[in-house]
file query12.csv (CSV, C-alpha atoms)
chain,number,residue,atom,x,y,z
A,26,MET,CA,2.5,16.0,13.5
A,27,ILE,CA,-0.2,13.4,13.9
A,28,ILE,CA,0.3,13.5,17.7
A,29,MET,CA,-0.1,17.2,17.7
A,30,TYR,CA,-3.3,16.9,15.6
A,31,ARG,CA,-4.8,14.4,18.0
A,32,LEU,CA,-3.8,16.6,21.0
A,33,SER,CA,-5.5,19.6,19.3
A,34,ILE,CA,-8.7,17.5,18.9
A,35,ALA,CA,-8.7,16.6,22.6
A,36,ALA,CA,-8.0,20.2,23.6
A,37,THR,CA,-10.8,21.5,21.4
A,38,ILE,CA,-13.3,19.0,22.8
A,39,VAL,CA,-12.3,19.9,26.4
A,40,LEU,CA,-12.5,23.6,25.8
A,41,PHE,CA,-15.9,23.2,24.0
A,42,ALA,CA,-17.2,21.2,27.0
A,43,LEU,CA,-15.9,23.8,29.4
A,44,VAL,CA,-17.6,26.6,27.5
A,45,ILE,CA,-20.9,24.8,27.5
A,46,PHE,CA,-20.5,24.0,31.2
A,47,LEU,CA,-19.7,27.6,32.2
A,48,TYR,CA,-22.5,29.1,30.1
A,49,SER,CA,-24.9,26.5,31.5
A,50,ILE,CA,-24.0,27.4,35.0
A,51,GLU,CA,-24.3,31.2,34.2
A,52,PHE,CA,-27.7,30.6,32.7
A,53,TYR,CA,-28.8,28.5,35.6
A,54,VAL,CA,-27.7,31.1,38.2
A,55,GLN,CA,-28.5,34.4,36.4
A,56,GLY,CA,-31.3,33.4,34.1
A,57,ILE,CA,-31.6,34.4,30.5
A,58,TRP,CA,-31.9,38.2,31.2
A,59,GLY,CA,-28.9,38.3,33.5
A,60,LEU,CA,-26.7,36.2,31.3
A,61,ASN,CA,-23.3,37.8,30.9
A,62,LEU,CA,-21.7,36.3,27.8
A,63,ALA,CA,-18.6,38.5,28.1
A,64,LYS,CA,-17.7,36.9,31.4
A,65,TYR,CA,-16.2,33.9,29.8
A,66,SER,CA,-15.0,35.5,26.6
A,67,ALA,CA,-11.4,34.4,27.2
A,68,VAL,CA,-12.4,30.8,27.2
A,69,SER,CA,-14.4,31.3,24.1
A,70,VAL,CA,-11.4,32.9,22.4
A,71,LEU,CA,-9.3,29.9,23.4
A,72,LEU,CA,-11.9,27.6,21.9
A,73,GLY,CA,-11.8,29.5,18.7
A,74,ALA,CA,-8.0,29.5,18.6
A,75,SER,CA,-7.9,25.8,19.3
A,76,THR,CA,-10.5,25.0,16.6
A,77,ALA,CA,-8.4,27.0,14.1
A,78,ILE,CA,-5.2,25.2,15.1
A,79,MET,CA,-7.1,21.8,14.8
A,80,VAL,CA,-8.3,22.7,11.3
A,81,TRP,CA,-4.8,23.8,10.2
A,82,LEU,CA,-3.2,20.7,11.6
A,83,SER,CA,-5.9,18.5,9.9
A,84,ASN,CA,-5.0,20.1,6.5
A,85,GLN,CA,-1.3,19.6,7.2
A,86,VAL,CA,-1.8,15.9,8.1
A,87,ARG,CA,-3.8,15.3,4.9
A,88,GLN,CA,-1.2,17.1,2.8
A,89,ASN,CA,1.6,15.1,4.4
A,90,SER,CA,-0.3,11.9,3.8
A,91,GLU,CA,-0.9,12.7,0.2
A,92,ASP,CA,2.8,13.6,-0.3
A,93,LEU,CA,3.9,10.3,1.3
A,94,LEU,CA,1.5,8.3,-1.0
A,95,LYS,CA,2.8,10.1,-4.0
A,96,GLU,CA,6.4,9.6,-3.1
A,97,SER,CA,6.0,5.9,-2.3
A,98,LYS,CA,4.5,5.5,-5.8
A,99,LEU,CA,7.5,7.3,-7.3
A,100,TYR,CA,10.0,5.1,-5.5
A,101,TYR,CA,8.2,1.8,-6.5
A,102,GLU,CA,8.4,3.1,-10.1
A,103,LYS,CA,12.1,4.0,-9.8
A,104,SER,CA,13.0,0.6,-8.3
A,105,TYR,CA,11.2,-1.2,-11.2
A,106,ILE,CA,12.8,1.1,-13.9
A,107,THR,CA,16.2,0.4,-12.4
A,108,LEU,CA,15.8,-3.4,-12.5
A,109,ASN,CA,13.9,-3.4,-15.9
A,110,VAL,CA,17.1,-3.4,-18.0
A,111,THR,CA,17.1,-6.9,-19.4
A,112,ASN,CA,19.4,-9.4,-21.0
A,113,LYS,CA,18.6,-11.2,-24.2
A,114,ASP,CA,16.8,-13.9,-22.2
A,115,GLY,CA,14.4,-11.3,-20.8
A,116,LEU,CA,15.7,-11.3,-17.3
A,117,PRO,CA,17.1,-8.2,-15.6
A,118,LYS,CA,20.9,-7.7,-16.0
A,119,ASN,CA,22.6,-9.5,-13.2
A,120,GLU,CA,24.6,-6.5,-12.1
A,121,ARG,CA,25.4,-6.2,-8.4
A,122,MET,CA,24.9,-2.4,-8.2
A,123,ARG,CA,21.7,-2.5,-10.2
A,124,TRP,CA,20.1,-5.0,-7.9
A,125,LEU,CA,21.3,-3.1,-4.8
A,126,THR,CA,19.9,0.1,-6.1
A,127,ALA,CA,16.5,-1.4,-6.9
A,128,ALA,CA,16.3,-3.1,-3.5
A,129,ARG,CA,17.2,0.2,-1.7
A,130,LEU,CA,14.6,2.1,-3.7
A,131,LEU,CA,12.0,-0.6,-2.9
A,132,LYS,CA,12.7,-0.4,0.9
A,133,VAL,CA,12.4,3.4,0.7
A,134,ALA,CA,9.0,3.0,-1.0
A,135,GLU,CA,7.8,0.6,1.7
A,136,LYS,CA,9.1,2.9,4.5
A,137,LEU,CA,7.3,5.9,3.1
A,138,GLY,CA,4.1,3.8,2.7
A,139,ASN,CA,4.3,2.7,6.3
A,140,GLN,CA,4.4,6.3,7.4
A,141,ILE,CA,1.1,7.3,5.7
A,142,PRO,CA,-1.3,8.4,8.5
A,143,ILE,CA,-4.7,8.5,6.8
A,144,LYS,CA,-6.5,5.2,6.4
A,145,SER,CA,-7.9,5.8,2.9
A,146,HIS,CA,-4.4,6.7,1.7
A,147,LYS,CA,-3.0,3.5,3.4
A,148,MET,CA,-5.5,1.5,1.4
A,149,LEU,CA,-4.5,3.2,-1.8
A,150,HIS,CA,-0.8,2.4,-1.0
A,151,ILE,CA,-1.7,-1.3,-0.5
A,152,GLU,CA,-3.3,-1.3,-4.0
A,153,ASP,CA,-0.2,0.4,-5.4
A,154,GLN,CA,2.0,-2.3,-3.8
A,155,GLU,CA,-0.1,-5.0,-5.5
A,156,TYR,CA,0.2,-3.4,-8.9
A,157,TRP,CA,4.0,-3.1,-8.6
A,158,ARG,CA,4.3,-6.6,-7.1
A,159,GLN,CA,2.7,-8.0,-10.3
A,160,LYS,CA,5.1,-5.9,-12.4
A,161,PHE,CA,8.1,-7.2,-10.5
A,162,HIS,CA,6.7,-10.8,-10.7
A,163,ASP,CA,6.4,-10.6,-14.5
A,164,LEU,CA,9.9,-9.3,-14.8
A,165,LEU,CA,11.6,-11.8,-12.5
A,166,LEU,CA,9.5,-14.9,-13.0
A,167,PRO,CA,8.4,-14.9,-16.6
A,168,ASN,CA,8.6,-18.7,-16.7
A,169,LYS,CA,7.5,-19.3,-13.1
A,170,GLN,CA,10.9,-20.8,-12.3
A,171,GLY,CA,12.9,-17.6,-12.1
A,172,PRO,CA,16.6,-17.2,-12.8
A,173,ALA,CA,19.0,-20.2,-12.6
A,174,LYS,CA,21.4,-20.4,-9.6
A,175,LYS,CA,24.4,-19.2,-11.7
A,176,TYR,CA,22.5,-16.0,-12.6
A,177,PHE,CA,23.0,-14.9,-9.0
A,178,ALA,CA,26.6,-16.0,-8.5
A,179,GLU,CA,28.9,-18.1,-10.7
A,180,ASP,CA,30.1,-19.9,-7.5
A,181,ILE,CA,28.5,-20.0,-4.1
A,182,LYS,CA,31.8,-19.0,-2.5
A,183,LEU,CA,31.6,-15.6,-4.2
A,184,LEU,CA,28.6,-14.7,-2.1
A,185,PHE,CA,31.0,-14.6,0.9
A,186,SER,CA,34.0,-12.9,-0.7
A,187,TYR,CA,35.3,-12.1,-4.2
A,188,THR,CA,38.0,-10.2,-5.9
A,189,ARG,CA,38.1,-7.9,-8.9
A,190,ARG,CA,39.1,-10.7,-11.1
A,191,ASP,CA,36.1,-12.8,-10.1
A,192,PRO,CA,32.7,-12.4,-11.8
A,193,GLU,CA,30.8,-10.1,-9.5
A,194,PRO,CA,27.9,-11.9,-7.7
A,195,LEU,CA,24.6,-10.2,-6.8
A,196,ASP,CA,24.2,-9.1,-3.2
A,197,LEU,CA,22.3,-11.7,-1.3
A,198,GLN,CA,20.3,-9.2,0.8
A,199,SER,CA,19.2,-7.3,-2.3
A,200,ILE,CA,18.0,-10.5,-3.9
A,201,LEU,CA,16.0,-11.4,-0.8
A,202,VAL,CA,14.5,-8.0,-0.5
A,203,ILE,CA,13.2,-8.0,-4.1
A,204,PHE,CA,12.0,-11.6,-4.1
A,205,GLU,CA,10.3,-11.1,-0.7
A,206,PHE,CA,8.4,-8.2,-2.2
A,207,VAL,CA,7.3,-10.3,-5.2
A,208,GLU,CA,5.7,-12.9,-3.0
A,209,TRP,CA,2.0,-12.7,-2.2
A,210,ASN,CA,1.3,-11.4,1.3
A,211,GLU,CA,-0.6,-14.3,3.0
A,212,SER,CA,-1.9,-12.0,5.7
A,213,ARG,CA,-3.7,-9.7,3.2
A,214,LEU,CA,-7.4,-10.3,2.6
A,215,ASP,CA,-8.0,-11.1,-1.1
A,216,PRO,CA,-10.1,-8.2,-2.5
A,217,ILE,CA,-11.8,-10.5,-5.1
A,218,PRO,CA,-15.2,-11.5,-3.7
A,219,SER,CA,-16.7,-14.9,-3.8
A,220,ILE,CA,-18.9,-14.8,-7.0
A,221,SER,CA,-21.6,-17.4,-7.6
A,222,ILE,CA,-21.6,-19.4,-10.9
A,223,PRO,CA,-24.1,-17.9,-13.4
A,224,SER,CA,-27.4,-19.7,-14.0
A,225,ASP,CA,-27.9,-22.2,-16.9
A,226,GLU,CA,-30.0,-19.6,-18.7
A,227,LYS,CA,-27.2,-17.0,-18.5
A,228,ILE,CA,-24.6,-19.5,-19.6
A,229,ARG,CA,-26.8,-20.3,-22.7
A,230,LYS,CA,-26.9,-16.6,-23.5
A,231,MET,CA,-23.1,-16.4,-23.3
A,232,LYS,CA,-22.8,-19.4,-25.7
A,233,THR,CA,-25.1,-17.6,-28.1
A,234,PHE,CA,-24.1,-13.9,-27.8
A,235,GLY,CA,-20.7,-14.1,-26.2
A,236,PRO,CA,-18.3,-14.5,-24.6
A,237,VAL,CA,-18.7,-17.9,-26.2
A,238,GLY,CA,-15.6,-19.5,-24.8
A,239,LEU,CA,-16.5,-18.5,-21.2
A,240,GLY,CA,-20.0,-19.9,-21.6
A,241,GLN,CA,-18.6,-23.2,-22.8
A,242,LEU,CA,-16.1,-23.2,-19.9
A,243,LEU,CA,-18.8,-22.6,-17.3
A,244,GLU,CA,-21.1,-25.2,-18.8
A,245,ALA,CA,-18.3,-27.8,-18.7
A,246,TYR,CA,-17.4,-26.7,-15.2
A,247,LYS,CA,-21.0,-27.2,-13.9
A,248,LYS,CA,-21.3,-30.5,-15.6
A,249,TYR,CA,-18.0,-31.8,-14.2
A,250,LYS,CA,-18.9,-30.5,-10.7
A,251,THR,CA,-22.3,-32.2,-10.8
A,252,GLU,CA,-21.0,-35.5,-12.1
A,253,GLY,CA,-18.1,-35.5,-9.6
A,254,GLN,CA,-20.5,-35.1,-6.7
A,255,LYS,CA,-22.5,-38.2,-7.7
call {"tool": "encode", "arguments": {"input": "query12.csv", "output": "structure tokens"}}
result
Amino acid sequence: MIIMYRLSIAATIVLFALVIFLYSIEFYVQGIWGLNLAKYSAVSVLLGASTAIMVWLSNQVRQNSEDLLKESKLYYEKSYITLNVTNKDGLPKNERMRWLTAARLLKVAEKLGNQIPIKSHKMLHIEDQEYWRQKFHDLLLPNKQGPAKKYFAEDIKLLFSYTRRDPEPLDLQSILVIFEFVEWNESRLDPIPSISIPSDEKIRKMKTFGPVGLGQLLEAYKKYKTEGQK
């Protein structure tokens, strides 16, 4: 649909230029009093039809983009809900099918997000990703170390083959999909801007009127930075 939309824009521009060119030639040859507007009415009708199609396709592309954004959010949420059934230690239940389902839902969410055509919606999708990335991080890495090796498989051999009598291991691909999603994307520009440290006067006001702790922290930071540079 996005290709058809772009083609309709090109066709409309060409037809518009053609109408202007033809009427300009007619005006130049016949003059204002001899101008016959009906002579090129067919081209004008085509231009009107092309414009209408372009507007319709534009609305369809926007609606499709909004639907993709909405669905991607839904699948991120479904993936998180699937995994967010925890053991007593707070970690997700190490059930093979649960991890497989969560990973599949996660990949569907990413696929839908990659199909979003409108730039503003793409940016919103990226922010949604970051929100869910943090949610998954808090779920899987509450102590920054993550689950122990035996959480994934009682024995490394079980990752290659296992029987019904064996404790079922997690699927390695599903593990990698989910933990890869949790990692910070190094290619992404950090949206947090570089903010200068407040002045001494502002820090004194913080220490008096609040936030007191932040004021004390900034004062100690500036002092340490100044002494460290000497």
call {"tool": "atom_distance", "arguments": {"input": "query12.csv", "atom1": "atom CA of Leu116 of chain A", "atom2": "atom CA of Pro167 of chain A"}}
result
8.2 Å
call {"tool": "closest_residue", "arguments": {"input": "query12.csv", "among": "A:Pro172, A:Gly235, A:Pro194, A:Pro223", "to": "Asn112 of chain A", "atoms": "all atoms listed in the file"}}
result
A:Pro172
call {"tool": "atom_distance", "arguments": {"input": "query12.csv", "atom1": "atom CA of Leu197 of chain A", "atom2": "atom CA of Leu125 of chain A"}}
result
9.3 Å
call {"tool": "atom_distance", "arguments": {"input": "query12.csv", "atom1": "atom CA of Lys118 of chain A", "atom2": "atom CA of Arg189 of chain A"}}
result
18.6 Å
call {"tool": "closest_residue", "arguments": {"input": "query12.csv", "among": "A:Glu193, A:Ala128, A:Glu226, A:Val207", "to": "Lys169 of chain A", "atoms": "all atoms listed in the file"}}
result
A:Val207
call {"tool": "closest_residue", "arguments": {"input": "query12.csv", "among": "A:Ser104, A:Asp180, A:Ile143, A:Phe206", "to": "Gln85 of chain A", "atoms": "only C-alpha atoms"}}
result
A:Ile143
call {"tool": "axis_aligned_box", "arguments": {"input": "query12.csv", "around": "segment 127-131 of chain A", "padding_each_side": "5 Å", "output": "JSON"}}
result
{"center_x": 14.6, "center_y": -0.5, "center_z": -4.3, "size_x": 15.2, "size_y": 15.2, "size_z": 15.2}
call {"tool": "build_atoms", "arguments": {"input": "query12.csv", "residues": "segment 152-167 of chain A", "atoms": "N, CA, C and O atoms", "output": "short mmCIF file (atom, residue, chain, number, x, y, z; two decimals), in the frame of the given file"}}
result
data_model
loop_
_atom_site.label_atom_id
_atom_site.label_comp_id
_atom_site.auth_asym_id
_atom_site.auth_seq_id
_atom_site.Cartn_x
_atom_site.Cartn_y
_atom_site.Cartn_z
N GLU A 152 -2.92 -1.01 -2.59
CA GLU A 152 -3.30 -1.30 -4.00
C GLU A 152 -2.11 -1.02 -4.92
O GLU A 152 -1.86 -1.76 -5.89
N ASP A 153 -1.40 0.07 -4.65
CA ASP A 153 -0.20 0.40 -5.40
C ASP A 153 0.84 -0.71 -5.30
O ASP A 153 1.47 -1.11 -6.29
N GLN A 154 1.02 -1.20 -4.07
CA GLN A 154 2.00 -2.30 -3.80
C GLN A 154 1.62 -3.51 -4.68
O GLN A 154 2.52 -4.12 -5.29
N GLU A 155 0.34 -3.84 -4.73
CA GLU A 155 -0.10 -5.00 -5.50
C GLU A 155 0.19 -4.86 -6.98
O GLU A 155 0.56 -5.81 -7.67
N TYR A 156 -0.02 -3.64 -7.46
CA TYR A 156 0.20 -3.40 -8.90
C TYR A 156 1.72 -3.59 -9.19
O TYR A 156 2.07 -4.29 -10.15
N TRP A 157 2.61 -3.02 -8.36
CA TRP A 157 4.00 -3.10 -8.60
C TRP A 157 4.54 -4.54 -8.29
O TRP A 157 5.49 -5.03 -8.91
N ARG A 158 3.89 -5.22 -7.34
CA ARG A 158 4.30 -6.60 -7.10
C ARG A 158 4.09 -7.47 -8.32
O ARG A 158 4.92 -8.30 -8.64
N GLN A 159 2.99 -7.26 -9.04
CA GLN A 159 2.70 -8.00 -10.30
C GLN A 159 3.75 -7.65 -11.35
O GLN A 159 4.22 -8.52 -12.10
N LYS A 160 4.10 -6.36 -11.43
CA LYS A 160 5.10 -5.90 -12.40
C LYS A 160 6.44 -6.59 -12.17
O LYS A 160 7.10 -7.07 -13.10
N PHE A 161 6.86 -6.60 -10.90
CA PHE A 161 8.10 -7.20 -10.50
C PHE A 161 8.05 -8.76 -10.79
O PHE A 161 9.03 -9.36 -11.24
N HIS A 162 6.90 -9.34 -10.50
CA HIS A 162 6.70 -10.80 -10.70
C HIS A 162 6.89 -11.13 -12.19
O HIS A 162 7.58 -12.10 -12.54
N ASP A 163 6.26 -10.36 -13.06
CA ASP A 163 6.40 -10.60 -14.50
C ASP A 163 7.80 -10.45 -14.99
O ASP A 163 8.23 -11.14 -15.91
N LEU A 164 8.53 -9.54 -14.36
CA LEU A 164 9.90 -9.30 -14.80
C LEU A 164 10.85 -10.40 -14.31
O LEU A 164 11.72 -10.83 -15.07
N LEU A 165 10.66 -10.87 -13.08
CA LEU A 165 11.60 -11.80 -12.50
C LEU A 165 11.22 -13.27 -12.68
O LEU A 165 12.08 -14.15 -12.63
N LEU A 166 9.93 -13.53 -12.85
CA LEU A 166 9.50 -14.90 -13.00
C LEU A 166 8.62 -15.10 -14.23
O LEU A 166 7.47 -15.54 -14.17
N PRO A 167 9.17 -14.78 -15.40
CA PRO A 167 8.40 -14.90 -16.60
C PRO A 167 8.01 -16.36 -16.95
O PRO A 167 7.02 -16.62 -17.60
#
